[in-house]
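Worksheet: one structure, shown below.
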Amino acid sequence: MKKHLTNALIRGVIAFAIMTTIALIMRSQDFDQFQVKSTFMAGLIVTAVAAASVIYDVEKWSLSKQLGIHFLTMLVTVFPCLLLSGWFPLNSFLDYLKVFGIFILWGAVLVSVLYFIFGKLLTKKTNQDNHQTTSSNMSSKPTSKHSSKE
């Protein structure tokens with residue numbers, strides 16, 4: 001578990017450092033304040049996502065547990081960033097619900113796409129590669145003692 005926390009910290013700090021540096025450079029070059037704030041907020045979101053990616057490294061957890069923990073982590077990190085970013089008008093309760101709907105929709109789309117890519121395509125490719133390696137190893141092995149001495 002300590003290894004996962006260390007990896008989360010490393011992944012998060014790297015993302016935070018890069019995005020904060022970009023925001024500070026933008027600020028020093030007199031970029032519009034909204035753009036600087038947006039870059040910083042995007043950096044906080046990237047930091048949360050990068051740090052939370054270690055959830056999927058915990059092999060003893062089921063996929064549903066990983067997804068549940070990831071959702072809760074994003075809910076307490078990314079969702080507040082969306083609300084504080086200034087990217088959405090927040091004049092009524094309905095506006096907050098719209099942002100929550102966008103959060104849920106994008107989360108579902110991204111999880112589905114990434115599950116398809118990593119859960120299906122890469123697993124299929126890995127299985128094919130393993131099958132080809134096994135087949136080539138079997139075909140290169142000698143079939144009898146006599147054939148290896150000749």
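As shown in the structure tokens, the chain order sets the letters A, B, ...; within each chain, residues go from 1, and ligands are also counted from 1 in the order they appear.
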
Do a neighbour search on segment 91-98 of chain A at 12 Å with only C-alpha atoms, toss out local chain neighbours closer than 6 positions, and write the hits as a PyMOL selection string.
chain A and resi 79-80+82-84+104-105

For Leu75 of chain A, work out the shell of residues within 10 Å, counting only C-alpha atoms and skipping chain neighbours fewer than 6 positions away, then give it as a list of chain:residue names.
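Counting only C-alpha atoms, the residues come to A:Ile69, A:Cys81, A:Phe100, A:Phe103, A:Ile104.
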
With distances taken over only C-alpha atoms, which of A:Ala50, A:Pro89, A:Phe31, A:Gly119 is nearest to Ala15 of chain A?
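So, comparing all the options, the nearest one is A:Ala50.
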
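Comparing the minimum interatomic distances between Val78 of chain A and each of A:Leu9, A:Ala51, A:Met26, A:Val46, counting only C-alpha atoms, we find that A:Val46 sits nearest.
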
Residues at most 7 Å from segment 21-24 of chain A, counting only C-alpha atoms, excluding those fewer than 4 positions away in the same chain, as a list in words?
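Within the cut-off, the hits are Ala17, Ser28, Val36, Thr39 and Phe40 of chain A.
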
Those selected residues, please, written with N, CA, C and O atoms and delivered as a PDB file, in the first residue's frame.
```pdb
ATOM      1  N   ALA A  17       3.385  20.140 -10.822  1.00  0.00           N
ATOM      2  CA  ALA A  17       4.547  20.993 -11.103  1.00  0.00           C
ATOM      3  C   ALA A  17       4.524  21.506 -12.533  1.00  0.00           C
ATOM      4  O   ALA A  17       4.771  22.702 -12.783  1.00  0.00           O
ATOM      5  N   SER A  28       3.259  35.562 -15.710  1.00  0.00           N
ATOM      6  CA  SER A  28       4.393  36.487 -15.856  1.00  0.00           C
ATOM      7  C   SER A  28       4.400  37.174 -17.215  1.00  0.00           C
ATOM      8  O   SER A  28       5.003  38.235 -17.373  1.00  0.00           O
ATOM      9  N   VAL A  36      -5.125  32.137 -17.060  1.00  0.00           N
ATOM     10  CA  VAL A  36      -4.169  31.648 -16.063  1.00  0.00           C
ATOM     11  C   VAL A  36      -4.884  30.763 -15.042  1.00  0.00           C
ATOM     12  O   VAL A  36      -4.429  29.665 -14.722  1.00  0.00           O
ATOM     13  N   THR A  39      -5.879  27.428 -16.593  1.00  0.00           N
ATOM     14  CA  THR A  39      -4.732  26.529 -16.723  1.00  0.00           C
ATOM     15  C   THR A  39      -4.397  25.902 -15.371  1.00  0.00           C
ATOM     16  O   THR A  39      -4.145  24.691 -15.279  1.00  0.00           O
ATOM     17  N   PHE A  40      -4.429  26.723 -14.328  1.00  0.00           N
ATOM     18  CA  PHE A  40      -4.156  26.193 -12.992  1.00  0.00           C
ATOM     19  C   PHE A  40      -5.222  25.181 -12.571  1.00  0.00           C
ATOM     20  O   PHE A  40      -4.893  24.117 -12.034  1.00  0.00           O
TER      21      PHE A  40
END
```

Residues near Ala48 of chain A, cut-off 12 Å, only C-alpha atoms, skip fewer than 5 positions along chain, as a PyMOL selection string:
chain A and resi 8-16+41-43+53-55+70-81

One decimal place gives the atom CA of Gly107 of chain A-atom CA of Gly68 of chain A separation as 11.9 Å
